[in-house]
Protein chains: 2
Amino acid sequence: MRPVRRRIEIGRSALESNDAVAARNRAEFERLGLFAVNLVSSPGAGKTTLLEALAGRLGDAMAVIEGDVKTSRDADRVRAAGVRAWQIETGGACHLDASMVARALAAMGIEPGMHRFLVVENVGNLICPSSYDLGEHVMAGLLSIPEGDDKVLKYPALFSRIDLMILGKTDLSDRLAFDMDRAEEECRSLNPGVEAIRLSALSGTGVAELVEWLERRRLERFGRTPGQA
Amino acid sequence: MRPVRRRIEIGRSALESNDAVAARNRAEFERLGLFAVNLVSSPGAGKTTLLEALAGRLGDAMAVIEGDVKTSRDADRVRAAGVRAWQIETGGACHLDASMVARALAAMGIEPGMHRFLVVENVGNLICPSSYDLGEHVMAGLLSIPEGDDKVLKYPALFSRIDLMILGKTDLSDRLAFDMDRAEEECRSLNPGVEAIRLSALSGTGVAELVEWLERRRLERFGRTPGQA
(Lines give C-alpha, C1' and ligand atoms only; values in the text may rest on other atoms or scores of the structure.)
Protein backbone atom coordinates (compact mmCIF):
# COMPACT_ATOMS: atom_id res chain seq x y z
CA MET A 1 0.00 0.00 0.00
CA ARG A 2 2.93 2.40 0.45
CA PRO A 3 3.23 3.65 -3.15
CA VAL A 4 -0.47 4.59 -3.23
CA ARG A 5 -0.22 6.43 0.08
CA ARG A 6 2.81 8.40 -1.07
CA ARG A 7 1.07 9.26 -4.32
CA ILE A 8 -1.94 10.73 -2.54
CA GLU A 9 0.26 12.79 -0.20
CA ILE A 10 2.19 14.22 -3.12
CA GLY A 11 -1.07 14.91 -4.95
CA ARG A 12 -2.42 16.88 -1.99
CA SER A 13 0.82 18.80 -1.54
CA ALA A 14 0.85 19.66 -5.27
CA LEU A 15 -2.70 21.02 -5.02
CA GLU A 16 -1.85 23.06 -1.90
CA SER A 17 1.16 24.52 -3.62
CA ASN A 18 -1.00 25.27 -6.69
CA ASP A 19 -3.50 27.08 -4.47
CA ALA A 20 -0.75 29.30 -3.05
CA VAL A 21 0.37 30.32 -6.54
CA ALA A 22 -3.27 30.83 -7.58
CA ALA A 23 -3.74 33.27 -4.70
CA ARG A 24 -0.71 35.25 -5.92
CA ASN A 25 -2.13 35.23 -9.47
CA ARG A 26 -5.43 36.59 -8.17
CA ALA A 27 -3.62 39.43 -6.39
CA GLU A 28 -1.72 40.20 -9.59
CA PHE A 29 -4.93 40.17 -11.68
CA GLU A 30 -6.42 42.71 -9.26
CA ARG A 31 -3.33 44.90 -9.39
CA LEU A 32 -3.57 44.92 -13.20
CA GLY A 33 -7.34 45.52 -13.23
CA LEU A 34 -7.96 42.20 -15.00
CA PHE A 35 -11.16 40.29 -14.39
CA ALA A 36 -9.97 36.71 -15.03
CA VAL A 37 -12.03 33.90 -16.52
CA ASN A 38 -10.99 30.23 -16.62
CA LEU A 39 -12.75 28.80 -19.69
CA VAL A 40 -13.06 25.00 -19.70
CA SER A 41 -14.61 22.58 -22.20
CA SER A 42 -14.06 19.40 -24.18
CA PRO A 43 -11.72 19.55 -27.15
CA GLY A 44 -13.50 21.14 -30.08
CA ALA A 45 -16.43 22.57 -28.11
CA GLY A 46 -15.70 26.00 -29.58
CA LYS A 47 -13.67 27.89 -26.97
CA THR A 48 -11.40 29.59 -29.51
CA THR A 49 -14.25 30.47 -31.86
CA LEU A 50 -16.03 32.01 -28.88
CA LEU A 51 -12.91 34.08 -28.10
CA GLU A 52 -12.84 35.27 -31.71
CA ALA A 53 -16.47 36.37 -31.31
CA LEU A 54 -15.64 38.12 -28.01
CA ALA A 55 -12.70 39.84 -29.71
CA GLY A 56 -15.18 41.44 -32.11
CA ARG A 57 -17.00 43.06 -29.17
CA LEU A 58 -14.35 43.57 -26.50
CA GLY A 59 -11.37 44.30 -28.77
CA ASP A 60 -8.25 45.04 -26.77
CA ALA A 61 -10.25 45.29 -23.53
CA MET A 62 -9.53 41.55 -23.51
CA ALA A 63 -6.28 39.61 -23.32
CA VAL A 64 -6.05 35.84 -23.70
CA ILE A 65 -3.87 33.00 -22.44
CA GLU A 66 -4.24 29.82 -24.48
CA GLY A 67 -3.53 26.36 -23.07
CA ASP A 68 -2.91 23.37 -25.30
CA VAL A 69 -0.91 20.19 -25.05
CA LYS A 70 0.79 21.13 -28.32
CA THR A 71 0.76 23.76 -31.12
CA SER A 72 0.18 27.52 -31.00
CA ARG A 73 -2.80 27.31 -33.36
CA ASP A 74 -5.24 28.86 -30.91
CA ALA A 75 -3.07 31.83 -29.93
CA ASP A 76 -2.43 32.46 -33.63
CA ARG A 77 -6.19 32.56 -34.27
CA VAL A 78 -6.89 34.92 -31.38
CA ARG A 79 -4.02 37.23 -32.35
CA ALA A 80 -5.39 37.34 -35.89
CA ALA A 81 -8.63 38.63 -34.31
CA GLY A 82 -6.64 41.56 -32.90
CA VAL A 83 -6.23 40.45 -29.31
CA ARG A 84 -3.08 40.10 -27.19
CA ALA A 85 -2.63 36.35 -26.73
CA TRP A 86 -0.03 34.07 -25.17
CA GLN A 87 0.24 30.35 -25.88
CA ILE A 88 1.12 27.84 -23.17
CA GLU A 89 2.07 24.41 -24.50
CA THR A 90 1.75 21.97 -21.61
CA GLY A 91 3.73 19.28 -23.46
CA GLY A 92 1.51 16.46 -22.21
CA ALA A 93 -0.13 17.85 -19.07
CA CYS A 94 -3.92 17.52 -19.26
CA HIS A 95 -4.68 20.89 -17.62
CA LEU A 96 -3.18 24.28 -16.86
CA ASP A 97 -1.90 24.98 -13.37
CA ALA A 98 -1.40 28.26 -11.54
CA SER A 99 2.39 28.33 -12.13
CA MET A 100 1.97 28.06 -15.89
CA VAL A 101 -0.42 31.01 -15.80
CA ALA A 102 1.91 33.01 -13.54
CA ARG A 103 4.80 32.57 -16.00
CA ALA A 104 2.60 33.48 -18.97
CA LEU A 105 1.30 36.58 -17.21
CA ALA A 106 4.83 37.73 -16.38
CA ALA A 107 5.93 37.19 -19.99
CA MET A 108 3.00 39.12 -21.48
CA GLY A 109 4.13 42.43 -19.99
CA ILE A 110 0.65 43.68 -19.15
CA GLU A 111 0.57 47.03 -17.29
CA PRO A 112 -2.25 48.18 -14.97
CA GLY A 113 -5.28 49.39 -16.95
CA MET A 114 -4.13 47.96 -20.31
CA HIS A 115 -6.96 45.41 -20.45
CA ARG A 116 -10.10 44.80 -18.42
CA PHE A 117 -10.50 41.06 -19.01
CA LEU A 118 -8.15 38.09 -19.14
CA VAL A 119 -9.63 34.88 -20.52
CA VAL A 120 -7.58 31.77 -19.90
CA GLU A 121 -8.58 29.04 -22.34
CA ASN A 122 -7.75 25.83 -20.54
CA VAL A 123 -6.66 22.57 -22.20
CA GLY A 124 -9.61 20.80 -23.86
CA ASN A 125 -10.65 18.38 -21.11
CA LEU A 126 -13.72 18.08 -18.85
CA ILE A 127 -11.90 16.30 -16.01
CA CYS A 128 -8.38 17.41 -15.10
CA PRO A 129 -8.82 21.23 -15.17
CA SER A 130 -11.55 21.07 -12.52
CA SER A 131 -9.06 20.48 -9.66
CA TYR A 132 -6.72 23.38 -10.44
CA ASP A 133 -7.47 26.94 -9.33
CA LEU A 134 -5.61 29.32 -11.65
CA GLY A 135 -6.49 32.38 -9.58
CA GLU A 136 -9.45 33.23 -11.82
CA HIS A 137 -12.43 35.25 -10.63
CA VAL A 138 -14.91 32.99 -12.42
CA MET A 139 -14.82 29.59 -14.06
CA ALA A 140 -16.97 29.11 -17.16
CA GLY A 141 -17.84 25.66 -18.51
CA LEU A 142 -18.71 25.49 -22.20
CA LEU A 143 -20.80 22.52 -23.34
CA SER A 144 -21.59 22.37 -27.05
CA ILE A 145 -24.78 21.00 -28.55
CA PRO A 146 -23.03 18.23 -30.57
CA GLU A 147 -21.62 16.75 -27.34
CA GLY A 148 -25.04 15.74 -26.06
CA ASP A 149 -27.21 16.75 -23.12
CA ASP A 150 -26.04 13.86 -20.89
CA LYS A 151 -22.62 15.31 -20.05
CA VAL A 152 -23.28 17.28 -16.86
CA LEU A 153 -23.71 14.33 -14.50
CA LYS A 154 -20.90 12.43 -16.21
CA TYR A 155 -18.42 15.19 -15.32
CA PRO A 156 -19.72 16.39 -11.94
CA ALA A 157 -16.43 17.80 -10.60
CA LEU A 158 -16.40 20.45 -13.31
CA PHE A 159 -20.09 21.25 -13.48
CA SER A 160 -20.44 21.54 -9.71
CA ARG A 161 -17.64 24.12 -9.62
CA ILE A 162 -18.38 26.50 -12.51
CA ASP A 163 -19.91 29.95 -12.07
CA LEU A 164 -21.33 30.06 -15.60
CA MET A 165 -22.57 27.30 -17.88
CA ILE A 166 -22.37 28.25 -21.55
CA LEU A 167 -24.35 26.09 -23.96
CA GLY A 168 -22.60 26.62 -27.28
CA LYS A 169 -23.12 25.87 -30.99
CA THR A 170 -26.86 26.40 -30.53
CA ASP A 171 -27.06 27.03 -34.29
CA LEU A 172 -26.90 23.22 -34.61
CA SER A 173 -29.91 22.62 -32.37
CA ASP A 174 -32.19 22.24 -35.39
CA ARG A 175 -30.19 19.17 -36.42
CA LEU A 176 -29.27 17.59 -33.10
CA ALA A 177 -31.42 16.38 -30.21
CA PHE A 178 -30.18 18.29 -27.17
CA ASP A 179 -32.48 19.24 -24.32
CA MET A 180 -31.03 22.56 -23.12
CA ASP A 181 -33.43 22.75 -20.18
CA ARG A 182 -32.30 19.30 -19.03
CA ALA A 183 -28.60 20.20 -19.20
CA GLU A 184 -29.17 23.42 -17.23
CA GLU A 185 -31.39 21.69 -14.65
CA GLU A 186 -28.82 18.93 -14.10
CA CYS A 187 -26.15 21.57 -13.66
CA ARG A 188 -28.27 23.46 -11.10
CA SER A 189 -28.91 20.17 -9.27
CA LEU A 190 -25.15 19.95 -8.61
CA ASN A 191 -24.57 23.67 -8.35
CA PRO A 192 -27.57 25.79 -7.32
CA GLY A 193 -25.87 29.16 -7.86
CA VAL A 194 -24.74 28.54 -11.43
CA GLU A 195 -25.86 30.96 -14.15
CA ALA A 196 -26.44 29.90 -17.76
CA ILE A 197 -26.14 31.47 -21.20
CA ARG A 198 -27.01 29.89 -24.55
CA LEU A 199 -25.06 31.12 -27.54
CA SER A 200 -23.72 30.51 -31.00
CA ALA A 201 -20.35 32.09 -31.66
CA LEU A 202 -20.91 31.54 -35.40
CA SER A 203 -24.31 33.22 -35.69
CA GLY A 204 -23.57 35.67 -32.86
CA THR A 205 -26.71 34.83 -30.88
CA GLY A 206 -26.06 35.19 -27.16
CA VAL A 207 -22.59 36.72 -27.46
CA ALA A 208 -23.82 40.16 -26.34
CA GLU A 209 -25.44 38.50 -23.33
CA LEU A 210 -22.11 36.92 -22.40
CA VAL A 211 -20.35 40.29 -22.70
CA GLU A 212 -22.98 41.85 -20.42
CA TRP A 213 -22.51 39.03 -17.91
CA LEU A 214 -18.73 39.58 -17.91
CA GLU A 215 -19.12 43.38 -17.52
CA ARG A 216 -21.57 42.90 -14.65
CA ARG A 217 -19.35 40.42 -12.81
CA ARG A 218 -16.31 42.67 -13.33
CA LEU A 219 -18.22 45.67 -12.01
CA GLU A 220 -19.23 43.71 -8.89
CA ARG A 221 -15.58 42.86 -8.30
CA PHE A 222 -13.74 46.05 -9.27
CA GLY A 223 -16.30 48.84 -9.41
CA ARG A 224 -16.31 51.21 -12.37
CA THR A 225 -13.01 51.68 -14.21
CA PRO A 226 -12.10 55.24 -15.32
CA GLY A 227 -12.83 55.58 -19.03
CA GLN A 228 -15.23 52.64 -19.12
CA ALA A 229 -18.55 53.19 -20.88
CA MET B 1 13.72 19.07 -6.40
CA ARG B 2 13.01 15.90 -4.43
CA PRO B 3 9.22 15.95 -4.66
CA VAL B 4 9.33 16.23 -8.46
CA ARG B 5 11.83 13.40 -8.74
CA ARG B 6 9.75 11.12 -6.54
CA ARG B 7 6.65 11.94 -8.56
CA ILE B 8 8.31 10.96 -11.83
CA GLU B 9 9.60 7.70 -10.34
CA ILE B 10 6.15 6.82 -9.06
CA GLY B 11 4.63 7.73 -12.42
CA ARG B 12 7.01 5.42 -14.24
CA SER B 13 6.47 2.60 -11.77
CA ALA B 14 2.68 2.99 -12.08
CA LEU B 15 2.94 2.74 -15.87
CA GLU B 16 5.20 -0.35 -15.64
CA SER B 17 2.77 -2.01 -13.27
CA ASN B 18 -0.10 -1.07 -15.63
CA ASP B 19 1.78 -2.68 -18.53
CA ALA B 20 2.15 -5.94 -16.59
CA VAL B 21 -1.61 -6.09 -15.93
CA ALA B 22 -2.29 -5.15 -19.57
CA ALA B 23 -0.20 -8.13 -20.71
CA ARG B 24 -2.31 -10.42 -18.50
CA ASN B 25 -5.50 -8.84 -19.92
CA ARG B 26 -4.25 -9.54 -23.44
CA ALA B 27 -3.63 -13.19 -22.60
CA GLU B 28 -7.12 -13.43 -21.10
CA PHE B 29 -8.70 -11.79 -24.20
CA GLU B 30 -6.96 -14.41 -26.34
CA ARG B 31 -8.11 -17.30 -24.12
CA LEU B 32 -11.68 -16.02 -24.45
CA GLY B 33 -11.43 -15.43 -28.21
CA LEU B 34 -12.06 -11.71 -27.79
CA PHE B 35 -10.54 -9.23 -30.20
CA ALA B 36 -10.25 -6.17 -27.98
CA VAL B 37 -10.59 -2.54 -29.07
CA ASN B 38 -9.74 0.50 -26.94
CA LEU B 39 -12.02 3.28 -28.22
CA VAL B 40 -10.87 6.80 -27.32
CA SER B 41 -12.35 10.22 -28.09
CA SER B 42 -13.36 13.57 -26.62
CA PRO B 43 -16.52 13.68 -24.52
CA GLY B 44 -19.54 13.66 -26.79
CA ALA B 45 -17.74 12.62 -29.97
CA GLY B 46 -20.22 9.78 -30.41
CA LYS B 47 -18.55 6.65 -29.00
CA THR B 48 -21.74 5.25 -27.44
CA THR B 49 -23.88 6.05 -30.48
CA LEU B 50 -21.28 4.23 -32.59
CA LEU B 51 -21.52 1.21 -30.26
CA GLU B 52 -25.31 1.25 -30.66
CA ALA B 53 -24.80 1.18 -34.45
CA LEU B 54 -22.27 -1.68 -34.14
CA ALA B 55 -24.76 -3.55 -31.93
CA GLY B 56 -27.20 -3.52 -34.83
CA ARG B 57 -24.66 -5.37 -37.00
CA LEU B 58 -22.59 -7.45 -34.58
CA GLY B 59 -25.33 -8.26 -32.04
CA ASP B 60 -24.01 -10.49 -29.26
CA ALA B 61 -20.78 -11.15 -31.14
CA MET B 62 -19.75 -7.97 -29.29
CA ALA B 63 -19.42 -7.23 -25.58
CA VAL B 64 -18.71 -3.77 -24.19
CA ILE B 65 -16.94 -2.26 -21.20
CA GLU B 66 -17.90 1.38 -20.59
CA GLY B 67 -15.64 3.84 -18.81
CA ASP B 68 -16.95 7.07 -17.31
CA VAL B 69 -16.04 9.28 -14.40
CA LYS B 70 -19.62 8.97 -13.15
CA THR B 71 -23.05 7.49 -14.09
CA SER B 72 -23.96 4.21 -15.83
CA ARG B 73 -25.77 6.03 -18.66
CA ASP B 74 -23.59 4.57 -21.41
CA ALA B 75 -23.80 0.94 -20.25
CA ASP B 76 -27.58 1.34 -19.94
CA ARG B 77 -27.76 2.56 -23.56
CA VAL B 78 -25.61 -0.27 -24.91
CA ARG B 79 -27.56 -2.92 -22.93
CA ALA B 80 -30.78 -1.48 -24.35
CA ALA B 81 -29.27 -2.19 -27.79
CA GLY B 82 -29.03 -5.88 -26.79
CA VAL B 83 -25.33 -6.12 -25.95
CA ARG B 84 -23.61 -7.38 -22.80
CA ALA B 85 -22.14 -4.28 -21.18
CA TRP B 86 -20.32 -3.47 -17.95
CA GLN B 87 -19.93 0.04 -16.54
CA ILE B 88 -16.73 1.19 -14.85
CA GLU B 89 -17.11 4.42 -12.90
CA THR B 90 -13.63 5.81 -12.36
CA GLY B 91 -14.81 8.24 -9.68
CA GLY B 92 -12.55 11.04 -10.85
CA ALA B 93 -9.77 9.28 -12.77
CA CYS B 94 -9.39 10.75 -16.26
CA HIS B 95 -8.72 7.41 -18.02
CA LEU B 96 -9.19 3.67 -17.64
CA ASP B 97 -6.23 1.55 -16.56
CA ALA B 98 -5.53 -2.13 -17.07
CA SER B 99 -6.55 -3.11 -13.53
CA MET B 100 -10.01 -1.56 -13.92
CA VAL B 101 -10.48 -3.54 -17.13
CA ALA B 102 -9.21 -6.76 -15.49
CA ARG B 103 -11.76 -6.42 -12.68
CA ALA B 104 -14.59 -5.67 -15.13
CA LEU B 105 -13.67 -8.64 -17.30
CA ALA B 106 -13.64 -10.98 -14.28
CA ALA B 107 -17.04 -9.67 -13.16
CA MET B 108 -18.65 -10.09 -16.59
CA GLY B 109 -18.35 -13.89 -16.52
CA ILE B 110 -17.49 -14.24 -20.21
CA GLU B 111 -16.69 -17.83 -21.29
CA PRO B 112 -14.47 -18.77 -24.28
CA GLY B 113 -16.33 -18.39 -27.56
CA MET B 114 -19.24 -16.35 -26.14
CA HIS B 115 -18.29 -13.16 -28.00
CA ARG B 116 -15.80 -12.34 -30.72
CA PHE B 117 -15.22 -8.66 -29.93
CA LEU B 118 -14.77 -6.63 -26.78
CA VAL B 119 -14.96 -2.87 -27.20
CA VAL B 120 -13.71 -0.85 -24.26
CA GLU B 121 -15.12 2.67 -24.42
CA ASN B 122 -12.58 4.76 -22.56
CA VAL B 123 -13.32 7.90 -20.54
CA GLY B 124 -14.01 10.89 -22.84
CA ASN B 125 -10.58 12.51 -23.00
CA LEU B 126 -7.97 12.97 -25.74
CA ILE B 127 -4.99 13.14 -23.38
CA CYS B 128 -4.86 10.84 -20.37
CA PRO B 129 -6.00 7.54 -22.00
CA SER B 130 -3.11 7.63 -24.48
CA SER B 131 -0.53 6.57 -21.85
CA TYR B 132 -2.38 3.49 -20.56
CA ASP B 133 -2.28 0.15 -22.36
CA LEU B 134 -5.41 -1.81 -21.41
CA GLY B 135 -4.24 -4.98 -23.17
CA GLU B 136 -6.24 -4.16 -26.30
CA HIS B 137 -5.34 -5.50 -29.74
CA VAL B 138 -6.08 -2.18 -31.41
CA MET B 139 -6.65 1.39 -30.29
CA ALA B 140 -9.19 3.42 -32.28
CA GLY B 141 -9.37 7.21 -32.04
CA LEU B 142 -12.71 8.79 -32.91
CA LEU B 143 -12.66 12.45 -33.98
CA SER B 144 -16.03 13.97 -34.77
CA ILE B 145 -16.68 16.63 -37.41
CA PRO B 146 -17.99 19.25 -34.92
CA GLU B 147 -14.66 19.14 -33.02
CA GLY B 148 -12.75 20.66 -35.93
CA ASP B 149 -9.99 19.44 -38.23
CA ASP B 150 -7.17 21.00 -36.16
CA LYS B 151 -7.21 18.44 -33.35
CA VAL B 152 -4.68 15.85 -34.52
CA LEU B 153 -1.53 17.91 -33.94
CA LYS B 154 -2.95 19.34 -30.71
CA TYR B 155 -3.21 15.84 -29.21
CA PRO B 156 -0.19 14.07 -30.73
CA ALA B 157 0.26 11.41 -28.03
CA LEU B 158 -3.08 9.85 -28.89
CA PHE B 159 -3.03 10.28 -32.66
CA SER B 160 0.51 8.92 -32.98
CA ARG B 161 -0.50 5.74 -31.14
CA ILE B 162 -3.85 4.73 -32.66
CA ASP B 163 -4.26 1.93 -35.20
CA LEU B 164 -7.46 3.35 -36.66
CA MET B 165 -8.66 6.91 -37.03
CA ILE B 166 -12.44 7.16 -37.23
CA LEU B 167 -13.87 10.44 -38.49
CA GLY B 168 -17.40 10.51 -37.09
CA LYS B 169 -20.62 12.51 -37.44
CA THR B 170 -19.88 12.98 -41.15
CA ASP B 171 -23.61 13.67 -41.62
CA LEU B 172 -22.81 17.16 -40.27
CA SER B 173 -20.14 17.86 -42.89
CA ASP B 174 -22.63 19.83 -45.00
CA ARG B 175 -22.94 22.34 -42.14
CA LEU B 176 -19.44 22.45 -40.71
CA ALA B 177 -16.09 23.26 -42.29
CA PHE B 178 -13.92 20.20 -41.63
CA ASP B 179 -11.22 19.11 -44.06
CA MET B 180 -11.22 15.32 -43.68
CA ASP B 181 -8.19 14.92 -45.96
CA ARG B 182 -6.24 17.36 -43.77
CA ALA B 183 -7.09 15.49 -40.55
CA GLU B 184 -6.10 12.14 -42.05
CA GLU B 185 -2.88 13.55 -43.54
CA GLU B 186 -1.87 15.12 -40.23
CA CYS B 187 -2.55 11.80 -38.50
CA ARG B 188 -0.41 9.92 -41.04
CA SER B 189 2.37 12.50 -40.59
CA LEU B 190 2.60 11.38 -36.93
CA ASN B 191 1.69 7.77 -37.54
CA PRO B 192 2.40 6.41 -41.03
CA GLY B 193 0.70 3.05 -40.49
CA VAL B 194 -2.65 4.41 -39.31
CA GLU B 195 -5.79 3.40 -41.20
CA ALA B 196 -8.84 5.66 -41.51
CA ILE B 197 -12.60 5.25 -41.82
CA ARG B 198 -15.21 7.98 -42.23
CA LEU B 199 -18.65 7.25 -40.84
CA SER B 200 -21.91 8.50 -39.47
CA ALA B 201 -23.41 6.30 -36.78
CA LEU B 202 -26.72 8.13 -37.23
CA SER B 203 -27.08 7.70 -41.00
CA GLY B 204 -25.22 4.37 -41.00
CA THR B 205 -22.71 5.43 -43.68
CA GLY B 206 -19.36 3.72 -43.09
CA VAL B 207 -20.50 1.43 -40.26
CA ALA B 208 -20.29 -1.67 -42.48
CA GLU B 209 -16.76 -0.65 -43.42
CA LEU B 210 -15.83 -0.47 -39.74
CA VAL B 211 -17.30 -3.95 -39.13
CA GLU B 212 -15.28 -5.31 -42.07
CA TRP B 213 -12.13 -3.69 -40.67
CA LEU B 214 -12.75 -5.28 -37.26
CA GLU B 215 -13.43 -8.71 -38.80
CA ARG B 216 -10.27 -8.49 -40.91
CA ARG B 217 -8.07 -7.46 -37.99
CA ARG B 218 -9.60 -10.20 -35.82
CA LEU B 219 -8.98 -12.78 -38.55
CA GLU B 220 -5.34 -11.69 -38.81
CA ARG B 221 -4.98 -12.18 -35.07
CA PHE B 222 -7.04 -15.29 -34.35
CA GLY B 223 -7.69 -17.03 -37.68
CA ARG B 224 -11.20 -18.21 -38.51
CA THR B 225 -13.52 -18.99 -35.58
CA PRO B 226 -15.69 -22.12 -35.87
CA GLY B 227 -19.21 -21.05 -36.76
CA GLN B 228 -18.14 -17.65 -38.12
CA ALA B 229 -19.54 -16.65 -41.50
# chains A, B, ... in the order shown; residues from 1 in each chain; ligands from 1

call {"tool": "select_by_dssp", "arguments": {"residues": "range 2-95 of chain A", "states": "helix (DSSP H, G or I)", "output": "NGL selection string"}}
result
:A and (2-32 or 47-61 or 73-80)

call {"tool": "interface_residues", "arguments": {"of": "chain B", "to": "chain A", "cutoff": "6 Å", "atoms": "only C-alpha atoms", "output": "list in words"}}
result
Gly44, Lys70, Thr71, Glu147, Gly148 and Lys154 of chain B

call {"tool": "residues_around", "arguments": {"residues": "Gly67 in chain B", "least_positions_apart": "6", "cutoff": "8 Å", "atoms": "only C-alpha atoms", "output": "list of chain:residue names"}}
result
B:Gln87, B:Ile88, B:Glu89, B:Thr90, B:His95, B:Leu96, B:Val120, B:Glu121, B:Asn122, B:Val123

call {"tool": "atom_distance", "arguments": {"atom1": "CA of Ala27 in chain A", "atom2": "CA of Gly141 in chain A"}}
result
23.2 Å

call {"tool": "residues_around", "arguments": {"residues": "range 193-195 of chain A", "least_positions_apart": "3", "cutoff": "12 Å", "atoms": "only C-alpha atoms", "output": "PyMOL selection string"}}
result
chain A and resi 138-141+158-167+184-190+198+209-210+213-214+217

call {"tool": "select_by_dssp", "arguments": {"residues": "range 79-224 of chain A", "states": "strand (DSSP E or B)", "output": "list in words"}}
result
Arg84, Ala85, Trp86, Gln87, Ile88, Glu89, Phe117, Leu118, Val119, Val120, Glu121, Val138, Met139, Ala140, Gly141, Leu142, Leu143, Ser144, Leu164, Met165, Ile166, Leu167, Gly168, Glu195, Ala196, Ile197 and Arg198 of chain A
